[in-house]
file upload-v3.pdb (PDB, C-alpha atoms)
ATOM      1  CA  MET A   1      57.272 153.277  66.978  1.00  0.00           C
ATOM      2  CA  SER A   2      57.219 156.275  64.635  1.00  0.00           C
ATOM      3  CA  PHE A   3      59.005 156.191  61.274  1.00  0.00           C
ATOM      4  CA  ILE A   4      61.818 158.302  62.706  1.00  0.00           C
ATOM      5  CA  SER A   5      62.200 155.969  65.697  1.00  0.00           C
ATOM      6  CA  ASP A   6      62.165 152.928  63.399  1.00  0.00           C
ATOM      7  CA  LEU A   7      64.807 154.523  61.206  1.00  0.00           C
ATOM      8  CA  PHE A   8      67.237 155.102  64.045  1.00  0.00           C
ATOM      9  CA  ALA A   9      66.435 152.084  66.234  1.00  0.00           C
ATOM     10  CA  SER A  10      68.869 149.219  66.687  1.00  0.00           C
ATOM     11  CA  SER A  11      68.405 146.289  64.291  1.00  0.00           C
ATOM     12  CA  ASP A  12      67.555 144.203  67.369  1.00  0.00           C
ATOM     13  CA  HIS A  13      64.175 145.967  67.479  1.00  0.00           C
ATOM     14  CA  PRO A  14      61.700 144.027  65.290  1.00  0.00           C
ATOM     15  CA  ASN A  15      60.198 147.157  63.695  1.00  0.00           C
ATOM     16  CA  SER A  16      63.484 148.875  62.924  1.00  0.00           C
ATOM     17  CA  ILE A  17      64.762 149.526  59.422  1.00  0.00           C
ATOM     18  CA  GLY A  18      67.832 147.465  60.298  1.00  0.00           C
ATOM     19  CA  ALA A  19      65.654 144.486  61.261  1.00  0.00           C
ATOM     20  CA  LYS A  20      63.829 144.706  57.936  1.00  0.00           C
ATOM     21  CA  PHE A  21      67.138 144.619  56.080  1.00  0.00           C
ATOM     22  CA  ARG A  22      68.263 141.679  58.205  1.00  0.00           C
ATOM     23  CA  SER A  23      65.054 139.807  57.364  1.00  0.00           C
ATOM     24  CA  LYS A  24      65.565 140.445  53.638  1.00  0.00           C
ATOM     25  CA  ARG A  25      69.201 139.337  53.936  1.00  0.00           C
ATOM     26  CA  GLN A  26      68.100 136.126  55.626  1.00  0.00           C
ATOM     27  CA  LYS A  27      65.727 135.327  52.762  1.00  0.00           C
ATOM     28  CA  ASP A  28      68.489 135.974  50.229  1.00  0.00           C
ATOM     29  CA  PHE A  29      70.820 133.690  52.190  1.00  0.00           C
ATOM     30  CA  GLU A  30      68.205 130.936  52.153  1.00  0.00           C
ATOM     31  CA  VAL A  31      68.213 130.994  48.342  1.00  0.00           C
ATOM     32  CA  PHE A  32      71.917 130.129  48.454  1.00  0.00           C
ATOM     33  CA  PHE A  33      71.391 127.615  51.262  1.00  0.00           C
ATOM     34  CA  TYR A  34      68.806 125.512  49.454  1.00  0.00           C
ATOM     35  CA  LYS A  35      71.209 124.996  46.551  1.00  0.00           C
ATOM     36  CA  VAL A  36      73.556 122.963  48.777  1.00  0.00           C
ATOM     37  CA  PHE A  37      71.156 121.466  51.330  1.00  0.00           C
ATOM     38  CA  SER A  38      70.102 117.832  51.062  1.00  0.00           C
ATOM     39  CA  LYS A  39      67.333 116.533  53.317  1.00  0.00           C
ATOM     40  CA  ASN A  40      68.659 112.994  52.916  1.00  0.00           C
ATOM     41  CA  LYS A  41      71.673 113.486  55.177  1.00  0.00           C
ATOM     42  CA  PRO A  42      72.590 115.448  58.327  1.00  0.00           C
ATOM     43  CA  PHE A  43      73.418 119.113  57.768  1.00  0.00           C
ATOM     44  CA  ARG A  44      75.318 120.963  60.498  1.00  0.00           C
ATOM     45  CA  ILE A  45      75.378 124.772  60.654  1.00  0.00           C
ATOM     46  CA  LEU A  46      77.718 126.782  62.875  1.00  0.00           C
ATOM     47  CA  ASP A  47      76.459 130.314  63.512  1.00  0.00           C
ATOM     48  CA  LEU A  48      79.261 132.477  64.883  1.00  0.00           C
ATOM     49  CA  GLY A  49      77.918 135.167  67.199  1.00  0.00           C
ATOM     50  CA  GLY A  50      74.353 134.178  66.409  1.00  0.00           C
ATOM     51  CA  THR A  51      71.138 134.084  68.407  1.00  0.00           C
ATOM     52  CA  ALA A  52      68.115 131.801  68.374  1.00  0.00           C
ATOM     53  CA  TYR A  53      66.008 134.904  67.705  1.00  0.00           C
ATOM     54  CA  PHE A  54      67.747 135.443  64.356  1.00  0.00           C
ATOM     55  CA  TRP A  55      66.437 132.079  63.133  1.00  0.00           C
ATOM     56  CA  LYS A  56      62.903 132.583  64.497  1.00  0.00           C
ATOM     57  CA  ASN A  57      61.321 133.387  61.131  1.00  0.00           C
ATOM     58  CA  SER A  58      63.510 131.047  59.098  1.00  0.00           C
ATOM     59  CA  SER A  59      62.372 127.691  57.742  1.00  0.00           C
ATOM     60  CA  ILE A  60      65.871 126.241  58.095  1.00  0.00           C
ATOM     61  CA  PRO A  61      65.800 125.103  61.763  1.00  0.00           C
ATOM     62  CA  ASP A  62      62.704 122.982  61.103  1.00  0.00           C
ATOM     63  CA  LEU A  63      64.219 121.114  58.178  1.00  0.00           C
ATOM     64  CA  PRO A  64      64.898 117.387  58.649  1.00  0.00           C
ATOM     65  CA  ASN A  65      68.421 116.562  59.842  1.00  0.00           C
ATOM     66  CA  VAL A  66      69.432 120.212  60.355  1.00  0.00           C
ATOM     67  CA  THR A  67      71.210 121.292  63.541  1.00  0.00           C
ATOM     68  CA  ILE A  68      72.393 124.829  64.256  1.00  0.00           C
ATOM     69  CA  THR A  69      75.150 125.535  66.779  1.00  0.00           C
ATOM     70  CA  LEU A  70      75.318 129.099  68.108  1.00  0.00           C
ATOM     71  CA  LEU A  71      78.864 129.901  69.191  1.00  0.00           C
ATOM     72  CA  ASN A  72      79.343 132.986  71.386  1.00  0.00           C
ATOM     73  CA  LEU A  73      81.662 134.205  74.127  1.00  0.00           C
ATOM     74  CA  TYR A  74      78.753 133.288  76.411  1.00  0.00           C
ATOM     75  CA  GLN A  75      76.275 130.430  76.026  1.00  0.00           C
ATOM     76  CA  GLU A  76      73.247 131.597  74.059  1.00  0.00           C
ATOM     77  CA  ALA A  77      69.883 130.256  75.231  1.00  0.00           C
ATOM     78  CA  SER A  78      67.616 128.380  72.829  1.00  0.00           C
ATOM     79  CA  GLU A  79      64.265 126.660  73.173  1.00  0.00           C
ATOM     80  CA  HIS A  80      64.327 125.199  69.668  1.00  0.00           C
ATOM     81  CA  PRO A  81      65.331 121.513  69.711  1.00  0.00           C
ATOM     82  CA  ASN A  82      67.565 121.897  66.633  1.00  0.00           C
ATOM     83  CA  ILE A  83      69.390 125.003  67.882  1.00  0.00           C
ATOM     84  CA  ILE A  84      71.980 124.743  70.641  1.00  0.00           C
ATOM     85  CA  GLY A  85      74.174 127.389  72.238  1.00  0.00           C
ATOM     86  CA  VAL A  86      77.825 126.802  73.097  1.00  0.00           C
ATOM     87  CA  LYS A  87      80.528 128.957  74.608  1.00  0.00           C
ATOM     88  CA  GLY A  88      83.580 129.584  72.466  1.00  0.00           C
ATOM     89  CA  ASP A  89      85.820 131.961  70.552  1.00  0.00           C
ATOM     90  CA  ALA A  90      85.358 132.349  66.789  1.00  0.00           C
ATOM     91  CA  THR A  91      89.069 133.110  66.356  1.00  0.00           C
ATOM     92  CA  ASP A  92      90.135 129.810  67.930  1.00  0.00           C
ATOM     93  CA  MET A  93      87.974 126.679  67.749  1.00  0.00           C
ATOM     94  CA  PRO A  94      90.210 123.731  68.684  1.00  0.00           C
ATOM     95  CA  ASN A  95      87.207 121.632  69.755  1.00  0.00           C
ATOM     96  CA  TYR A  96      86.114 121.302  66.127  1.00  0.00           C
ATOM     97  CA  GLU A  97      87.948 119.222  63.566  1.00  0.00           C
ATOM     98  CA  SER A  98      88.446 120.421  60.000  1.00  0.00           C
ATOM     99  CA  GLY A  99      85.244 120.110  58.015  1.00  0.00           C
ATOM    100  CA  SER A 100      83.115 119.574  61.127  1.00  0.00           C
ATOM    101  CA  PHE A 101      80.293 121.740  59.768  1.00  0.00           C
ATOM    102  CA  ASP A 102      78.526 121.756  56.441  1.00  0.00           C
ATOM    103  CA  LEU A 103      78.072 125.523  56.669  1.00  0.00           C
ATOM    104  CA  VAL A 104      79.502 128.338  58.791  1.00  0.00           C
ATOM    105  CA  PHE A 105      77.284 131.404  58.992  1.00  0.00           C
ATOM    106  CA  SER A 106      77.942 134.768  60.611  1.00  0.00           C
ATOM    107  CA  ASN A 107      76.003 138.033  60.604  1.00  0.00           C
ATOM    108  CA  SER A 108      77.717 141.337  61.525  1.00  0.00           C
ATOM    109  CA  VAL A 109      80.382 139.832  63.782  1.00  0.00           C
ATOM    110  CA  ILE A 110      83.732 139.882  62.001  1.00  0.00           C
ATOM    111  CA  GLU A 111      83.934 143.697  62.211  1.00  0.00           C
ATOM    112  CA  HIS A 112      83.831 143.501  66.033  1.00  0.00           C
ATOM    113  CA  LEU A 113      87.223 141.829  66.557  1.00  0.00           C
ATOM    114  CA  TYR A 114      89.418 144.883  67.269  1.00  0.00           C
ATOM    115  CA  THR A 115      92.316 144.002  64.928  1.00  0.00           C
ATOM    116  CA  ILE A 116      93.057 142.657  61.454  1.00  0.00           C
ATOM    117  CA  GLU A 117      94.996 139.847  63.140  1.00  0.00           C
ATOM    118  CA  ASN A 118      91.853 138.643  64.915  1.00  0.00           C
ATOM    119  CA  GLN A 119      89.836 138.938  61.723  1.00  0.00           C
ATOM    120  CA  LYS A 120      92.399 136.784  59.916  1.00  0.00           C
ATOM    121  CA  LYS A 121      92.212 134.188  62.689  1.00  0.00           C
ATOM    122  CA  MET A 122      88.414 134.057  62.477  1.00  0.00           C
ATOM    123  CA  ALA A 123      88.475 133.733  58.688  1.00  0.00           C
ATOM    124  CA  LYS A 124      91.073 130.956  58.858  1.00  0.00           C
ATOM    125  CA  GLU A 125      89.005 129.025  61.395  1.00  0.00           C
ATOM    126  CA  ILE A 126      85.834 129.483  59.333  1.00  0.00           C
ATOM    127  CA  MET A 127      87.476 128.025  56.247  1.00  0.00           C
ATOM    128  CA  ARG A 128      88.971 125.197  58.303  1.00  0.00           C
ATOM    129  CA  VAL A 129      85.865 123.957  60.147  1.00  0.00           C
ATOM    130  CA  GLY A 130      83.283 124.650  57.425  1.00  0.00           C
ATOM    131  CA  LYS A 131      82.731 123.119  54.004  1.00  0.00           C
ATOM    132  CA  TYR A 132      80.659 126.154  53.016  1.00  0.00           C
ATOM    133  CA  PHE A 133      80.508 129.624  54.553  1.00  0.00           C
ATOM    134  CA  PHE A 134      78.409 132.791  54.352  1.00  0.00           C
ATOM    135  CA  ILE A 135      79.950 135.691  56.298  1.00  0.00           C
ATOM    136  CA  GLN A 136      78.230 139.079  56.327  1.00  0.00           C
ATOM    137  CA  THR A 137      79.544 142.460  57.443  1.00  0.00           C
ATOM    138  CA  PRO A 138      78.496 146.107  56.961  1.00  0.00           C
ATOM    139  CA  ASN A 139      80.212 147.788  54.030  1.00  0.00           C
ATOM    140  CA  LYS A 140      82.872 150.231  55.194  1.00  0.00           C
ATOM    141  CA  TYR A 141      82.000 152.673  52.407  1.00  0.00           C
ATOM    142  CA  PHE A 142      78.236 152.837  52.903  1.00  0.00           C
ATOM    143  CA  PRO A 143      77.457 156.485  53.782  1.00  0.00           C
ATOM    144  CA  ILE A 144      75.677 155.681  57.060  1.00  0.00           C
ATOM    145  CA  GLU A 145      77.892 153.895  59.587  1.00  0.00           C
ATOM    146  CA  ALA A 146      75.920 150.834  60.645  1.00  0.00           C
ATOM    147  CA  HIS A 147      76.598 150.830  64.378  1.00  0.00           C
ATOM    148  CA  TYR A 148      76.068 154.506  65.147  1.00  0.00           C
ATOM    149  CA  ALA A 149      73.568 155.427  62.393  1.00  0.00           C
ATOM    150  CA  LEU A 150      75.674 158.516  61.711  1.00  0.00           C
ATOM    151  CA  PRO A 151      76.741 159.687  58.248  1.00  0.00           C
ATOM    152  CA  PHE A 152      80.408 158.893  57.496  1.00  0.00           C
ATOM    153  CA  ALA A 153      81.202 158.317  61.189  1.00  0.00           C
ATOM    154  CA  GLN A 154      83.677 155.604  60.190  1.00  0.00           C
ATOM    155  CA  PHE A 155      85.937 158.342  58.806  1.00  0.00           C
ATOM    156  CA  TYR A 156      85.754 160.770  61.735  1.00  0.00           C
ATOM    157  CA  PRO A 157      88.559 160.986  64.292  1.00  0.00           C
ATOM    158  CA  LYS A 158      87.571 158.653  67.121  1.00  0.00           C
ATOM    159  CA  SER A 159      87.642 161.522  69.589  1.00  0.00           C
ATOM    160  CA  PHE A 160      85.019 163.386  67.562  1.00  0.00           C
ATOM    161  CA  THR A 161      82.821 160.292  67.233  1.00  0.00           C
ATOM    162  CA  TYR A 162      83.113 159.735  70.979  1.00  0.00           C
ATOM    163  CA  PHE A 163      81.922 163.315  71.548  1.00  0.00           C
ATOM    164  CA  LEU A 164      78.934 162.829  69.240  1.00  0.00           C
ATOM    165  CA  LEU A 165      77.992 159.544  70.888  1.00  0.00           C
ATOM    166  CA  THR A 166      78.257 160.672  74.499  1.00  0.00           C
ATOM    167  CA  LYS A 167      77.418 164.388  74.371  1.00  0.00           C
ATOM    168  CA  THR A 168      74.631 164.470  71.791  1.00  0.00           C
ATOM    169  CA  LYS A 169      71.614 162.380  70.809  1.00  0.00           C
ATOM    170  CA  LEU A 170      72.476 162.259  67.122  1.00  0.00           C
ATOM    171  CA  SER A 171      73.222 158.523  67.266  1.00  0.00           C
ATOM    172  CA  ARG A 172      69.921 156.631  67.344  1.00  0.00           C
ATOM    173  CA  LEU A 173      68.249 159.573  69.127  1.00  0.00           C
ATOM    174  CA  GLN A 174      70.047 158.863  72.386  1.00  0.00           C
ATOM    175  CA  SER A 175      73.340 159.559  74.107  1.00  0.00           C
ATOM    176  CA  TRP A 176      75.641 156.618  74.750  1.00  0.00           C
ATOM    177  CA  LYS A 177      77.166 155.595  78.031  1.00  0.00           C
ATOM    178  CA  PRO A 178      80.871 156.551  77.928  1.00  0.00           C
ATOM    179  CA  GLU A 179      81.992 152.961  78.543  1.00  0.00           C
ATOM    180  CA  ASP A 180      79.827 151.641  75.703  1.00  0.00           C
ATOM    181  CA  ALA A 181      81.052 154.293  73.275  1.00  0.00           C
ATOM    182  CA  LYS A 182      84.672 153.601  74.214  1.00  0.00           C
ATOM    183  CA  GLN A 183      84.281 149.853  73.700  1.00  0.00           C
ATOM    184  CA  TYR A 184      82.623 150.196  70.298  1.00  0.00           C
ATOM    185  CA  LEU A 185      85.236 152.639  69.089  1.00  0.00           C
ATOM    186  CA  GLU A 186      87.950 150.188  70.098  1.00  0.00           C
ATOM    187  CA  GLU A 187      86.399 146.969  68.810  1.00  0.00           C
ATOM    188  CA  ILE A 188      84.917 147.922  65.439  1.00  0.00           C
ATOM    189  CA  ARG A 189      87.111 147.518  62.373  1.00  0.00           C
ATOM    190  CA  LEU A 190      84.960 147.835  59.271  1.00  0.00           C
ATOM    191  CA  LEU A 191      85.742 145.963  56.060  1.00  0.00           C
ATOM    192  CA  ASP A 192      85.204 146.651  52.375  1.00  0.00           C
ATOM    193  CA  GLU A 193      85.019 144.144  49.511  1.00  0.00           C
ATOM    194  CA  LYS A 194      88.783 144.018  49.090  1.00  0.00           C
ATOM    195  CA  GLY A 195      89.225 143.436  52.810  1.00  0.00           C
ATOM    196  CA  MET A 196      86.753 140.553  52.761  1.00  0.00           C
ATOM    197  CA  LEU A 197      88.426 138.977  49.738  1.00  0.00           C
ATOM    198  CA  ASP A 198      91.800 139.299  51.445  1.00  0.00           C
ATOM    199  CA  LEU A 199      90.327 137.292  54.347  1.00  0.00           C
ATOM    200  CA  PHE A 200      88.461 134.827  52.099  1.00  0.00           C
ATOM    201  CA  PRO A 201      90.552 134.688  48.894  1.00  0.00           C
ATOM    202  CA  LYS A 202      88.400 132.203  46.966  1.00  0.00           C
ATOM    203  CA  ALA A 203      85.048 133.646  47.985  1.00  0.00           C
ATOM    204  CA  SER A 204      82.315 135.277  45.968  1.00  0.00           C
ATOM    205  CA  ILE A 205      80.790 138.529  47.210  1.00  0.00           C
ATOM    206  CA  TYR A 206      77.054 138.991  47.699  1.00  0.00           C
ATOM    207  CA  ARG A 207      76.117 142.689  47.821  1.00  0.00           C
ATOM    208  CA  GLU A 208      73.113 143.979  49.743  1.00  0.00           C
ATOM    209  CA  LYS A 209      72.059 147.281  48.181  1.00  0.00           C
ATOM    210  CA  ILE A 210      69.844 150.226  49.000  1.00  0.00           C
ATOM    211  CA  LEU A 211      69.234 152.969  46.422  1.00  0.00           C
ATOM    212  CA  GLY A 212      72.065 151.506  44.381  1.00  0.00           C
ATOM    213  CA  LEU A 213      74.575 151.748  47.239  1.00  0.00           C
ATOM    214  CA  VAL A 214      76.144 148.657  48.792  1.00  0.00           C
ATOM    215  CA  LYS A 215      74.946 148.524  52.393  1.00  0.00           C
ATOM    216  CA  SER A 216      76.570 145.241  53.392  1.00  0.00           C
ATOM    217  CA  ILE A 217      78.745 142.538  51.871  1.00  0.00           C
ATOM    218  CA  SER A 218      78.846 138.797  52.379  1.00  0.00           C
ATOM    219  CA  ALA A 219      81.766 136.551  51.489  1.00  0.00           C
ATOM    220  CA  HIS A 220      80.586 133.067  50.559  1.00  0.00           C
ATOM    221  CA  ASN A 221      81.493 129.935  48.642  1.00  0.00           C
ATOM    222  CA  LEU A 222      77.912 128.777  48.022  1.00  0.00           C
ATOM    223  CA  ARG A 223      78.404 128.650  44.262  1.00  0.00           C
ATOM    224  CA  TYR A 224      75.986 126.849  42.017  1.00  0.00           C
TER     225      TYR A 224
END

call {"tool": "encode", "arguments": {"input": "upload-v3.pdb", "output": "structure tokens"}}
result
Amino acid sequence: MSFISDLFASSDHPNSIGAKFRSKRQKDFEVFFYKVFSKNKPFRILDLGGTAYFWKNSSIPDLPNVTITLLNLYQEASEHPNIIGVKGDATDMPNYESGSFDLVFSNSVIEHLYTIENQKKMAKEIMRVGKYFFIQTPNKYFPIEAHYALPFAQFYPKSFTYFLLTKTKLSRLQSWKPEDAKQYLEEIRLLDEKGMLDLFPKASIYREKILGLVKSISAHNLRY
């Protein structure tokens, strides 16, 4: 891919700028992780909305006694023996008792829940089932909206954003299908630091920066 294509490509593409940031974020998370991990006892991780691919370049799945559960609205496939996919809803996890997991992890999911009520439910469940948590989301006030790769699109009227997505190729150098644009505009509710602290009152905030601007924020309780 060219530099321009890499810049505008989805973070799911391995050469994209977004993927590079995700890789850096994963390494930063691992610094926090190793402060609480003990190889002498089982360590259970619940990844909400995660994929086996996300953990491909991580050393964590290969650690002794580590298991990672990927919880999605559909069952995520995994070939790694320590990573399993389950079907479930991050806003309601009655199958798991309080403190079932040593760590709950989530990457760019909590902003996709449509309403503040659903975000509160997810946060409450995270703090209930996990002893530790690390929950990342794009920063609402970063100049480039993370999902559309458009400057300040989070502040446009939705009708104007819909026009840009479906009638131009300004978003990631392609036009969106109308149904995809409509769904994203309905489901995304971006958060800022205050919003994350309202959801996770006792959390610390890890800030991912580019050129001095906060690109994404992670609420966590991995203090040391």

call {"tool": "resolve_selection", "arguments": {"input": "upload-v3.pdb", "expression": "the PyMOL selection byres ((chain A and resi 133) around 8)", "output": "NGL selection string"}}
result
:A and (103-105 or 126-127 or 130-132 or 134-135 or 219-222)

call {"tool": "atom_distance", "arguments": {"input": "upload-v3.pdb", "atom1": "atom CA of Asn40 of chain A", "atom2": "atom CA of Phe101 of chain A"}}
result
16.1 Å

call {"tool": "residues_around", "arguments": {"input": "upload-v3.pdb", "residues": "Pro151 of chain A", "least_positions_apart": "5", "cutoff": "12 Å", "atoms": "all atoms listed in the file", "output": "list in words"}}
result
Lys140, Tyr141, Phe142, Pro143, Ile144, Glu145, Ala146, Tyr156, Thr161, Leu164, Leu170, Ser171 and Arg172 of chain A

call {"tool": "resolve_selection", "arguments": {"input": "upload-v3.pdb", "expression": "the PyMOL selection byres ((chain A and resi 184) around 12)", "output": "short mmCIF file (atom, residue, chain, number, x, y, z; two decimals) with C-alpha atoms, in the coordinates of the input"}}
result
data_model
loop_
_atom_site.label_atom_id
_atom_site.label_comp_id
_atom_site.auth_asym_id
_atom_site.auth_seq_id
_atom_site.Cartn_x
_atom_site.Cartn_y
_atom_site.Cartn_z
CA GLU A 111 83.93 143.70 62.21
CA HIS A 112 83.83 143.50 66.03
CA LEU A 113 87.22 141.83 66.56
CA TYR A 114 89.42 144.88 67.27
CA ALA A 146 75.92 150.83 60.64
CA HIS A 147 76.60 150.83 64.38
CA TYR A 148 76.07 154.51 65.15
CA GLN A 154 83.68 155.60 60.19
CA LYS A 158 87.57 158.65 67.12
CA THR A 161 82.82 160.29 67.23
CA TYR A 162 83.11 159.74 70.98
CA LEU A 165 77.99 159.54 70.89
CA TRP A 176 75.64 156.62 74.75
CA LYS A 177 77.17 155.60 78.03
CA PRO A 178 80.87 156.55 77.93
CA GLU A 179 81.99 152.96 78.54
CA ASP A 180 79.83 151.64 75.70
CA ALA A 181 81.05 154.29 73.28
CA LYS A 182 84.67 153.60 74.21
CA GLN A 183 84.28 149.85 73.70
CA LEU A 185 85.24 152.64 69.09
CA GLU A 186 87.95 150.19 70.10
CA GLU A 187 86.40 146.97 68.81
CA ILE A 188 84.92 147.92 65.44
CA ARG A 189 87.11 147.52 62.37
CA LEU A 190 84.96 147.84 59.27
#

call {"tool": "closest_residue", "arguments": {"input": "upload-v3.pdb", "among": "A:Ile45, A:Leu191, A:Val214, A:Ala123", "to": "Asn65 of chain A", "atoms": "all atoms listed in the file"}}
result
A:Ile45

call {"tool": "closest_residue", "arguments": {"input": "upload-v3.pdb", "among": "A:Ser58, A:Ser175, A:Thr91, A:Ser78", "to": "Val109 of chain A", "atoms": "all atoms listed in the file"}}
result
A:Thr91

call {"tool": "atom_distance", "arguments": {"input": "upload-v3.pdb", "atom1": "atom CA of Asp89 of chain A", "atom2": "atom CA of Leu71 of chain A"}}
result
7.4 Å

call {"tool": "atom_distance", "arguments": {"input": "upload-v3.pdb", "atom1": "atom CA of Ile116 of chain A", "atom2": "atom CA of Asp28 of chain A"}}
result
27.8 Å

call {"tool": "resolve_selection", "arguments": {"input": "upload-v3.pdb", "expression": "the PyMOL selection byres ((chain A and resi 50-57) around 7)", "output": "list of chain:residue names"}}
result
A:Asp47, A:Leu48, A:Gly49, A:Ser58, A:Ser59, A:Leu70, A:Leu71, A:Glu76, A:Ser78, A:Ile83, A:Ser106

call {"tool": "closest_residue", "arguments": {"input": "upload-v3.pdb", "among": "A:Arg223, A:Asp198, A:Thr168, A:Pro157", "to": "Lys35 of chain A", "atoms": "only C-alpha atoms"}}
result
A:Arg223

call {"tool": "residues_around", "arguments": {"input": "upload-v3.pdb", "residues": "Val66 of chain A", "least_positions_apart": "3", "cutoff": "8 Å", "atoms": "all atoms listed in the file", "output": "list in words"}}
result
Pro42, Phe43, Arg44, Ile45, Ile60, Pro61, Asp62, Leu63 and Asn82 of chain A

call {"tool": "closest_residue", "arguments": {"input": "upload-v3.pdb", "among": "A:Gly88, A:Thr67, A:Ala149, A:Pro138", "to": "Met122 of chain A", "atoms": "only C-alpha atoms"}}
result
A:Gly88

call {"tool": "build_atoms", "arguments": {"input": "upload-v3.pdb", "residues": "segment 167-185 of chain A", "atoms": "N, CA and C atoms", "output": "mmCIF file, in the frame of the given file"}}
result
data_model
loop_
_atom_site.group_PDB
_atom_site.id
_atom_site.type_symbol
_atom_site.label_atom_id
_atom_site.label_comp_id
_atom_site.auth_asym_id
_atom_site.auth_seq_id
_atom_site.Cartn_x
_atom_site.Cartn_y
_atom_site.Cartn_z
ATOM 1 N N LYS A 167 77.856 163.031 74.020
ATOM 2 C CA LYS A 167 77.418 164.388 74.371
ATOM 3 C C LYS A 167 76.233 164.881 73.558
ATOM 4 N N THR A 168 75.803 164.102 72.576
ATOM 5 C CA THR A 168 74.631 164.470 71.791
ATOM 6 C C THR A 168 73.704 163.255 71.669
ATOM 7 N N LYS A 169 72.556 163.475 71.064
ATOM 8 C CA LYS A 169 71.614 162.380 70.809
ATOM 9 C C LYS A 169 71.459 162.137 69.315
ATOM 10 N N LEU A 170 72.514 162.438 68.567
ATOM 11 C CA LEU A 170 72.476 162.259 67.122
ATOM 12 C C LEU A 170 72.529 160.788 66.734
ATOM 13 N N SER A 171 73.133 159.952 67.557
ATOM 14 C CA SER A 171 73.222 158.523 67.266
ATOM 15 C C SER A 171 72.007 157.807 67.838
ATOM 16 N N ARG A 172 71.118 157.391 66.965
ATOM 17 C CA ARG A 172 69.921 156.631 67.344
ATOM 18 C C ARG A 172 69.055 157.377 68.363
ATOM 19 N N LEU A 173 69.099 158.710 68.304
ATOM 20 C CA LEU A 173 68.249 159.573 69.127
ATOM 21 C C LEU A 173 68.497 159.397 70.626
ATOM 22 N N GLN A 174 69.709 159.013 70.971
ATOM 23 C CA GLN A 174 70.047 158.863 72.386
ATOM 24 C C GLN A 174 71.542 159.091 72.583
ATOM 25 N N SER A 175 71.915 159.427 73.789
ATOM 26 C CA SER A 175 73.340 159.559 74.107
ATOM 27 C C SER A 175 73.836 158.228 74.665
ATOM 28 N N TRP A 176 75.058 157.892 74.334
ATOM 29 C CA TRP A 176 75.641 156.618 74.750
ATOM 30 C C TRP A 176 76.311 156.741 76.103
ATOM 31 N N LYS A 177 76.348 155.639 76.832
ATOM 32 C CA LYS A 177 77.166 155.595 78.031
ATOM 33 C C LYS A 177 78.637 155.660 77.605
ATOM 34 N N PRO A 178 79.467 156.415 78.328
ATOM 35 C CA PRO A 178 80.871 156.551 77.928
ATOM 36 C C PRO A 178 81.584 155.219 77.748
ATOM 37 N N GLU A 179 81.307 154.248 78.647
ATOM 38 C CA GLU A 179 81.992 152.961 78.543
ATOM 39 C C GLU A 179 81.564 152.181 77.300
ATOM 40 N N ASP A 180 80.300 152.320 76.907
ATOM 41 C CA ASP A 180 79.827 151.641 75.703
ATOM 42 C C ASP A 180 80.433 152.277 74.448
ATOM 43 N N ALA A 181 80.471 153.593 74.421
ATOM 44 C CA ALA A 181 81.052 154.293 73.275
ATOM 45 C C ALA A 181 82.528 153.940 73.129
ATOM 46 N N LYS A 182 83.251 153.920 74.238
ATOM 47 C CA LYS A 182 84.672 153.601 74.214
ATOM 48 C C LYS A 182 84.899 152.187 73.676
ATOM 49 N N GLN A 183 84.102 151.235 74.144
ATOM 50 C CA GLN A 183 84.281 149.853 73.700
ATOM 51 C C GLN A 183 84.023 149.714 72.204
ATOM 52 N N TYR A 184 82.938 150.307 71.724
ATOM 53 C CA TYR A 184 82.623 150.196 70.298
ATOM 54 C C TYR A 184 83.710 150.831 69.440
ATOM 55 N N LEU A 185 84.202 151.963 69.867
ATOM 56 C CA LEU A 185 85.236 152.639 69.089
ATOM 57 C C LEU A 185 86.526 151.831 69.050
#
